[in-house]
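A.B. asks: Contents of coords38.csv (CSV, C-alpha atoms) are below:
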chain,number,residue,atom,x,y,z
J,96,MET,CA,136.6,104.0,150.5
J,97,ASP,CA,139.2,102.5,148.1
J,98,ARG,CA,141.2,100.8,150.9
J,99,TRP,CA,138.1,98.8,151.8
J,100,GLN,CA,137.5,97.3,148.4
J,101,ASN,CA,136.7,93.6,148.8
J,102,ARG,CA,137.4,93.8,152.6
J,103,VAL,CA,135.0,92.1,155.0
J,104,ALA,CA,132.5,94.2,157.0
J,105,VAL,CA,130.2,92.7,159.6
J,106,VAL,CA,127.0,94.5,160.4
J,107,THR,CA,124.9,93.4,163.4
J,108,GLY,CA,121.2,94.1,163.5
J,109,ALA,CA,121.1,94.0,159.7
J,110,SER,CA,117.5,93.0,159.2
J,111,SER,CA,116.0,96.5,159.3
J,112,GLY,CA,116.5,100.3,159.8
J,113,ILE,CA,120.0,101.6,160.2
J,114,GLY,CA,121.5,98.2,159.8
J,115,SER,CA,119.9,97.5,156.5
J,116,ALA,CA,120.9,100.9,155.2
J,117,ILE,CA,124.5,100.4,156.2
J,118,VAL,CA,124.5,96.9,154.6
J,119,LEU,CA,123.3,98.4,151.2
J,120,ASP,CA,125.8,101.2,151.3
J,121,LEU,CA,128.7,99.0,152.1
J,122,VAL,CA,127.9,96.6,149.4
J,123,SER,CA,127.6,99.5,146.9
J,124,ALA,CA,131.0,100.7,148.1
J,125,GLY,CA,132.6,97.4,147.1
J,126,LEU,CA,132.8,95.5,150.3
J,127,VAL,CA,131.9,91.9,151.2
J,128,VAL,CA,129.2,92.4,153.9
J,129,VAL,CA,128.1,89.9,156.5
J,130,GLY,CA,124.6,90.8,157.7
J,131,LEU,CA,124.0,89.4,161.1
J,132,ALA,CA,120.4,89.2,162.4
J,133,ARG,CA,118.0,87.1,164.3
J,134,ARG,CA,115.5,87.8,161.5
J,135,VAL,CA,117.9,86.5,158.9
J,136,GLU,CA,115.1,86.0,156.4
J,137,ARG,CA,114.9,89.8,156.1
J,138,VAL,CA,118.6,89.9,155.3
J,139,LYS,CA,118.1,87.3,152.6
J,140,ASP,CA,115.3,89.4,151.1
J,141,LEU,CA,117.7,92.4,151.1
J,142,GLN,CA,120.1,90.2,149.2
J,143,LYS,CA,117.5,89.4,146.6
J,144,SER,CA,117.0,93.1,146.0
J,145,LEU,CA,120.6,93.7,145.0
J,146,PRO,CA,121.8,93.8,141.4
J,147,ALA,CA,122.8,90.4,140.1
J,148,ASP,CA,126.5,91.3,140.1
J,149,ARG,CA,126.3,92.3,143.8
J,150,LYS,CA,124.3,89.5,145.4
J,151,ASP,CA,127.3,87.5,146.3
J,152,LYS,CA,128.7,90.5,148.2
J,153,LEU,CA,126.1,90.1,150.9
J,154,VAL,CA,126.3,87.1,153.2
J,155,PRO,CA,123.2,86.7,155.4
J,156,LEU,CA,123.9,84.9,158.7
J,157,TYR,CA,121.8,84.2,161.8
J,158,CYS,CA,123.1,85.7,165.0
J,159,ASP,CA,121.6,86.7,168.3
J,160,VAL,CA,124.2,89.1,169.6
J,161,GLY,CA,123.0,88.7,173.2
J,162,ASN,CA,123.8,85.0,173.2
J,163,GLU,CA,127.4,84.0,173.6
J,164,ALA,CA,127.1,80.7,171.8
J,165,SER,CA,125.3,82.3,168.9
J,166,VAL,CA,128.0,85.0,168.6
J,167,LYS,CA,130.7,82.3,168.7
J,168,GLU,CA,129.1,80.2,166.0
J,169,ALA,CA,128.5,83.2,163.7
J,170,PHE,CA,132.0,84.6,164.0
J,171,ASP,CA,133.6,81.1,163.6
J,172,VAL,CA,131.7,80.8,160.3
J,173,ILE,CA,132.9,84.3,159.2
J,174,GLU,CA,136.5,83.5,159.9
J,175,GLU,CA,136.4,80.1,158.3
J,176,LYS,CA,134.6,81.2,155.1
J,177,LEU,CA,136.0,84.8,154.7
J,178,GLY,CA,139.3,84.8,156.5
J,179,GLY,CA,138.6,87.5,159.1
J,180,ILE,CA,136.8,90.7,160.0
J,181,ASP,CA,138.1,94.1,158.8
J,182,ILE,CA,135.2,96.3,159.8
J,183,LEU,CA,132.6,95.7,162.6
J,184,ILE,CA,129.4,97.8,162.8
J,185,ASN,CA,127.8,97.2,166.1
J,186,ASN,CA,124.3,98.3,165.3
J,187,ALA,CA,122.0,95.7,167.0
J,188,GLY,CA,119.9,97.2,169.8
J,189,THR,CA,116.6,96.8,171.5
J,190,LEU,CA,114.1,98.8,173.4
J,191,HIS,CA,111.1,97.3,175.4
J,192,ASP,CA,108.0,99.1,176.6
J,193,GLY,CA,107.9,99.4,180.4
J,194,ARG,CA,109.0,101.3,183.4
J,195,LEU,CA,112.1,100.4,185.4
J,196,VAL,CA,110.2,100.4,188.6
J,197,ASP,CA,107.9,97.5,187.7
J,198,MET,CA,108.7,96.1,184.2
J,199,PRO,CA,109.7,92.4,184.0
J,200,LEU,CA,113.3,92.0,184.9
J,201,SER,CA,113.8,89.6,182.0
J,202,LEU,CA,113.1,92.5,179.6
J,203,VAL,CA,115.6,94.7,181.4
J,204,GLN,CA,118.2,92.0,181.2
J,205,GLN,CA,117.5,91.4,177.5
J,206,THR,CA,118.1,95.1,176.8
J,207,VAL,CA,121.3,95.1,178.7
J,208,GLN,CA,122.5,91.8,177.1
J,209,THR,CA,121.8,93.1,173.6
J,210,ASN,CA,122.8,96.7,173.9
J,211,ILE,CA,126.0,96.2,176.0
J,212,MET,CA,127.1,92.6,176.1
J,213,GLY,CA,126.3,92.2,172.3
J,214,ILE,CA,128.9,94.9,171.6
J,215,VAL,CA,131.4,93.4,174.0
J,216,MET,CA,131.1,89.9,172.6
J,217,CYS,CA,131.2,90.9,168.9
J,218,THR,CA,134.0,93.4,169.4
J,219,GLN,CA,136.2,90.8,171.1
J,220,ARG,CA,136.0,88.5,168.1
J,221,ALA,CA,136.5,91.3,165.6
J,222,PHE,CA,139.4,92.8,167.5
J,223,ALA,CA,141.1,89.4,167.8
J,224,SER,CA,140.7,88.9,164.0
J,225,MET,CA,142.2,92.3,163.2
J,226,LYS,CA,145.1,92.1,165.6
J,227,LYS,CA,146.0,88.5,164.6
J,228,ARG,CA,146.3,89.7,161.0
J,229,ASN,CA,148.0,93.0,161.9
J,230,PHE,CA,145.2,94.8,160.1
J,231,ASP,CA,144.2,98.4,160.9
J,232,GLY,CA,140.5,97.8,161.0
J,233,HIS,CA,137.6,99.9,162.2
J,234,VAL,CA,134.9,99.3,164.9
J,235,VAL,CA,131.8,101.5,164.8
J,236,LEU,CA,129.3,101.6,167.6
J,237,ILE,CA,125.8,102.8,166.8
J,238,ASN,CA,125.0,104.8,169.9
J,239,SER,CA,122.3,107.4,170.5
J,240,ILE,CA,121.8,110.9,171.6
J,241,LEU,CA,120.4,109.2,174.7
J,242,GLY,CA,123.9,108.0,175.4
J,243,HIS,CA,124.8,111.6,176.2
J,244,LYS,CA,121.7,113.1,177.8
J,245,LEU,CA,118.2,112.2,178.7
J,246,PHE,CA,115.2,114.0,177.2
J,247,ALA,CA,113.4,116.3,179.6
J,248,PRO,CA,110.3,114.6,181.1
J,249,ILE,CA,106.9,115.4,179.6
J,250,PRO,CA,104.6,116.8,182.3
J,251,GLY,CA,101.9,114.3,183.2
J,252,LYS,CA,103.6,111.4,181.4
J,253,VAL,CA,105.7,108.6,182.8
J,254,PRO,CA,109.0,108.1,180.9
J,255,GLU,CA,109.0,105.0,178.8
J,256,MET,CA,112.6,104.6,177.8
J,257,ASN,CA,113.5,102.6,181.0
J,258,VAL,CA,117.0,101.0,180.8
J,259,TYR,CA,117.7,102.0,177.2
J,260,PRO,CA,119.4,105.4,178.0
J,261,PRO,CA,121.6,103.8,180.6
J,262,THR,CA,122.7,101.1,178.1
J,263,LYS,CA,123.6,103.9,175.6
J,264,HIS,CA,125.5,105.8,178.2
J,265,ALA,CA,127.5,102.6,178.6
J,266,VAL,CA,128.2,102.6,174.9
J,267,THR,CA,129.7,106.1,175.2
J,268,ALA,CA,132.0,104.8,178.0
J,269,LEU,CA,132.8,101.7,176.0
J,270,THR,CA,133.9,103.9,173.0
J,271,GLU,CA,136.6,105.6,175.1
J,272,MET,CA,137.6,102.4,176.9
J,273,TYR,CA,138.1,100.7,173.5
J,274,ARG,CA,140.1,103.6,172.2
J,275,GLN,CA,142.5,103.4,175.2
J,276,GLU,CA,142.8,99.6,174.9
J,277,PHE,CA,143.3,99.5,171.2
J,278,LEU,CA,146.1,102.1,171.6
J,279,ALA,CA,147.8,100.5,174.6
J,280,LEU,CA,147.8,97.1,172.8
J,281,GLY,CA,149.9,98.6,170.0
J,282,THR,CA,147.3,98.7,167.3
J,283,ARG,CA,146.0,101.4,165.0
J,284,ILE,CA,142.4,100.0,164.9
J,285,LYS,CA,139.9,102.8,165.0
J,286,ILE,CA,136.8,103.1,167.2
J,287,THR,CA,133.9,105.4,166.4
J,288,SER,CA,130.6,106.1,168.2
J,289,VAL,CA,127.8,107.4,166.0
J,290,SER,CA,125.0,109.0,168.1
J,291,PRO,CA,121.8,109.8,166.2
J,292,GLY,CA,118.8,111.7,167.5
J,293,VAL,CA,115.4,110.2,166.7
J,294,VAL,CA,115.6,108.0,163.5
J,295,ASP,CA,112.5,106.7,161.7
J,296,THR,CA,113.0,103.0,162.5
J,297,GLU,CA,110.9,100.2,164.0
J,298,ILE,CA,112.4,100.8,167.4
J,299,VAL,CA,111.1,104.3,167.9
J,300,PRO,CA,108.1,104.5,170.2
J,301,ASP,CA,104.9,106.0,168.7
J,302,SER,CA,105.1,108.9,171.2
J,303,PHE,CA,108.2,110.2,169.4
J,304,ARG,CA,106.8,110.1,165.9
J,305,ASP,CA,105.2,113.5,166.0
J,306,GLN,CA,108.5,115.3,165.5
J,307,THR,CA,111.3,115.7,162.9
J,308,MET,CA,113.2,112.5,162.4
J,309,LEU,CA,116.3,111.4,160.7
J,310,LYS,CA,116.3,108.6,158.1
J,311,ALA,CA,118.3,105.4,158.4
J,312,GLU,CA,120.1,106.4,155.2
J,313,ASP,CA,121.4,109.6,157.0
J,314,ILE,CA,123.1,107.5,159.6
J,315,SER,CA,124.6,105.1,157.0
J,316,ARG,CA,126.1,108.0,155.1
J,317,ALA,CA,127.7,109.2,158.4
J,318,VAL,CA,129.1,105.8,159.0
J,319,LEU,CA,130.7,105.6,155.6
J,320,PHE,CA,132.2,109.1,156.2
J,321,THR,CA,133.9,107.8,159.3
J,322,LEU,CA,135.2,104.8,157.4
J,323,SER,CA,136.6,106.9,154.6
J,324,THR,CA,138.8,109.0,156.8
J,325,PRO,CA,142.6,108.8,156.3
J,326,PRO,CA,144.8,106.7,158.7
J,327,ASN,CA,145.8,109.7,160.7
J,328,MET,CA,142.2,110.7,161.4
J,329,GLN,CA,139.8,109.1,163.8
J,330,VAL,CA,136.2,110.3,164.3
J,331,HIS,CA,135.7,109.4,168.0
J,332,GLU,CA,132.2,110.6,168.4
J,333,MET,CA,129.6,111.9,166.0
J,334,ILE,CA,126.3,113.3,167.2
J,335,ILE,CA,123.7,113.7,164.5
J,336,LYS,CA,120.4,115.6,165.0
J,337,PRO,CA,117.6,116.2,162.6
J,338,THR,CA,117.3,119.8,161.5
J,339,GLY,CA,114.7,121.5,163.6
J,340,GLU,CA,114.8,119.0,166.4
J,341,LEU,CA,113.4,120.6,169.6
J,342,LEU,CA,114.6,118.0,172.1
In structure tokens, what does this structure look like?
C.D. replies:
Amino acid sequence: MDRWQNRVAVVTGASSGIGSAIVLDLVSAGLVVVGLARRVERVKDLQKSLPADRKDKLVPLYCDVGNEASVKEAFDVIEEKLGGIDILINNAGTLHDGRLVDMPLSLVQQTVQTNIMGIVMCTQRAFASMKKRNFDGHVVLINSILGHKLFAPIPGKVPEMNVYPPTKHAVTALTEMYRQEFLALGTRIKITSVSPGVVDTEIVPDSFRDQTMLKAEDISRAVLFTLSTPPNMQVHEMIIKPTGELL
């Protein structure tokens, strides 16, 4: 991680779970971290928990990644105050209760907007910053095992994941699309998709909590591994399952 010392990492969805864990690990690794979240007060609380000599390494900033104006405002501030983005961790994601056949379309749209368009909007800004400065940065997409396959249905139960798996399948396709575009545009910017199984976070439905789960810190360690790879090595896809998972 030496090459990243004092570099700027932006983490979306930094207020809880995987995002918070990544923020803490990146700060500990010596980076300046911008924690983007709608619940920015939680990121500020995270900042207060840091050692005194590390508090200024975390910059809490409000951002709704599903809102184009909010993304523009946040990234404008980052570029103005910190000079640019060297690492982008697209972690923000949402899952609403409901069934595709009859749930409110506004909730379907919100999931698509956050889980897909949030990545697209944030990555556009981060890529432009990296390319303009001719910096070989790294973009990480926090995906899901559901971006590769759907869980088998439980007899007698209606599936409750609705549009979440389709959005994560889109993230898998985005990863390859970005790899091709980054290469064709003459950069050496890396792209990585990290696809966990069930992680013990706020987003997990109660019906999934009766099984072995990963911890947010497990995913953060995986992200730091991908960032620590040498220039000639790119981890394109990492699938992480908890030991003993039956799904």
A.B. asks: Grab the atom CA of J:Leu319 to atom CA of J:Val294 distance for me, in Å with one decimal place.
C.D. replies: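 Between atom CA of J:Leu319 and atom CA of J:Val294 the gap works out to 17.2 Å.
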A.B. asks: Considering all atoms listed in the file, return as a ChimeraX atom specification whatever protein or nucleic-acid residues lie within 6 Å of J:Gly242, sequence-local ones (same chain, fewer than 3 positions apart) excluded.
C.D. replies: /J:239,260,263-264
A.B. asks: Using C-alpha atoms, can you write the selected residues to a file as an mmCIF file, keeping the file's coordinate frame?
C.D. replies:
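Once everything was written out, this is out14.cif:
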data_model
loop_
_atom_site.group_PDB
_atom_site.id
_atom_site.type_symbol
_atom_site.label_atom_id
_atom_site.label_comp_id
_atom_site.auth_asym_id
_atom_site.auth_seq_id
_atom_site.Cartn_x
_atom_site.Cartn_y
_atom_site.Cartn_z
ATOM 1 C CA SER J 239 122.300 107.400 170.500
ATOM 2 C CA PRO J 260 119.400 105.400 178.000
ATOM 3 C CA LYS J 263 123.600 103.900 175.600
ATOM 4 C CA HIS J 264 125.500 105.800 178.200
#
A.B. asks: Go through J:Ser224, J:Ser165, J:Ser110, J:Thr209 and flag the residue nearest J:Val266, using all atoms listed in the file for the distances.
C.D. replies: J:Thr209
A.B. asks: Take the point (117.8, 86.7, 162.0) in the file's coordinates, draw a sphere of radius 8 Å around it, and report as a PDB file with C-alpha atoms, in the coordinates of the input every protein, DNA or RNA residue with an atom inside or on it, counting only C-alpha atoms.
C.D. replies:
ATOM      1  CA  SER J 110     117.500  93.000 159.200  1.00  0.00           C
ATOM      2  CA  LEU J 131     124.000  89.400 161.100  1.00  0.00           C
ATOM      3  CA  ALA J 132     120.400  89.200 162.400  1.00  0.00           C
ATOM      4  CA  ARG J 133     118.000  87.100 164.300  1.00  0.00           C
ATOM      5  CA  ARG J 134     115.500  87.800 161.500  1.00  0.00           C
ATOM      6  CA  VAL J 135     117.900  86.500 158.900  1.00  0.00           C
ATOM      7  CA  GLU J 136     115.100  86.000 156.400  1.00  0.00           C
ATOM      8  CA  ARG J 137     114.900  89.800 156.100  1.00  0.00           C
ATOM      9  CA  VAL J 138     118.600  89.900 155.300  1.00  0.00           C
ATOM     10  CA  LEU J 156     123.900  84.900 158.700  1.00  0.00           C
ATOM     11  CA  TYR J 157     121.800  84.200 161.800  1.00  0.00           C
ATOM     12  CA  CYS J 158     123.100  85.700 165.000  1.00  0.00           C
ATOM     13  CA  ASP J 159     121.600  86.700 168.300  1.00  0.00           C
TER      14      ASP J 159
END
A.B. asks: At a cut-off of 6 Å, using all atoms listed in the file, what residues contact J:Ser290? Leave out same-chain residues fewer than 6 positions from it and give the result as JSON, numbers by chain.
C.D. replies: {"J": [238, 239, 240, 333, 334]}
A.B. asks: Give the answer as one residue: which of J:Ile249, J:Met96, J:Cys217, J:Ala265 has the shortest atom-to-atom distance to J:Ile180, using all atoms listed in the file?
C.D. replies: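 Comparing J:Ile249, J:Met96, J:Cys217, J:Ala265 against J:Ile180, the winner is J:Cys217.
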A.B. asks: Would you please work out which residue, of J:Arg274, J:Lys139, J:Lys244, J:Arg283, is nearest to J:Phe230 when using only C-alpha atoms?
C.D. replies: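 When distances to J:Phe230 are compared using only C-alpha atoms, the smallest one comes from J:Arg283.
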A.B. asks: Between J:Ala147, J:Met308, J:Ile314, J:Ala187, which one has atoms that come closest to J:Asp120, using only C-alpha atoms?
C.D. replies: J:Ile314
A.B. asks: Pick out the residues sitting within 9 Å of J:Val106, and hand them over as a VMD selection string; count all atoms listed in the file, and ignore anything fewer than 3 positions along from it in its own chain.
C.D. replies: chain J and resid 109 114 to 115 117 to 118 128 to 132 182 to 187
A.B. asks: Mind listing as a ChimeraX atom specification all residues within 10 Å of (114.7, 120.0, 163.9), counting all atoms listed in the file?
C.D. replies: /J:292,306-309,336-342
A.B. asks: Return the single residue from J:Gln275, J:Thr321, J:Thr262, J:Asn257 that is closest to J:Met212, with distances computed using all atoms listed in the file.
C.D. replies: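 Ranking J:Gln275, J:Thr321, J:Thr262, J:Asn257 by distance to J:Met212, first place goes to J:Thr262.
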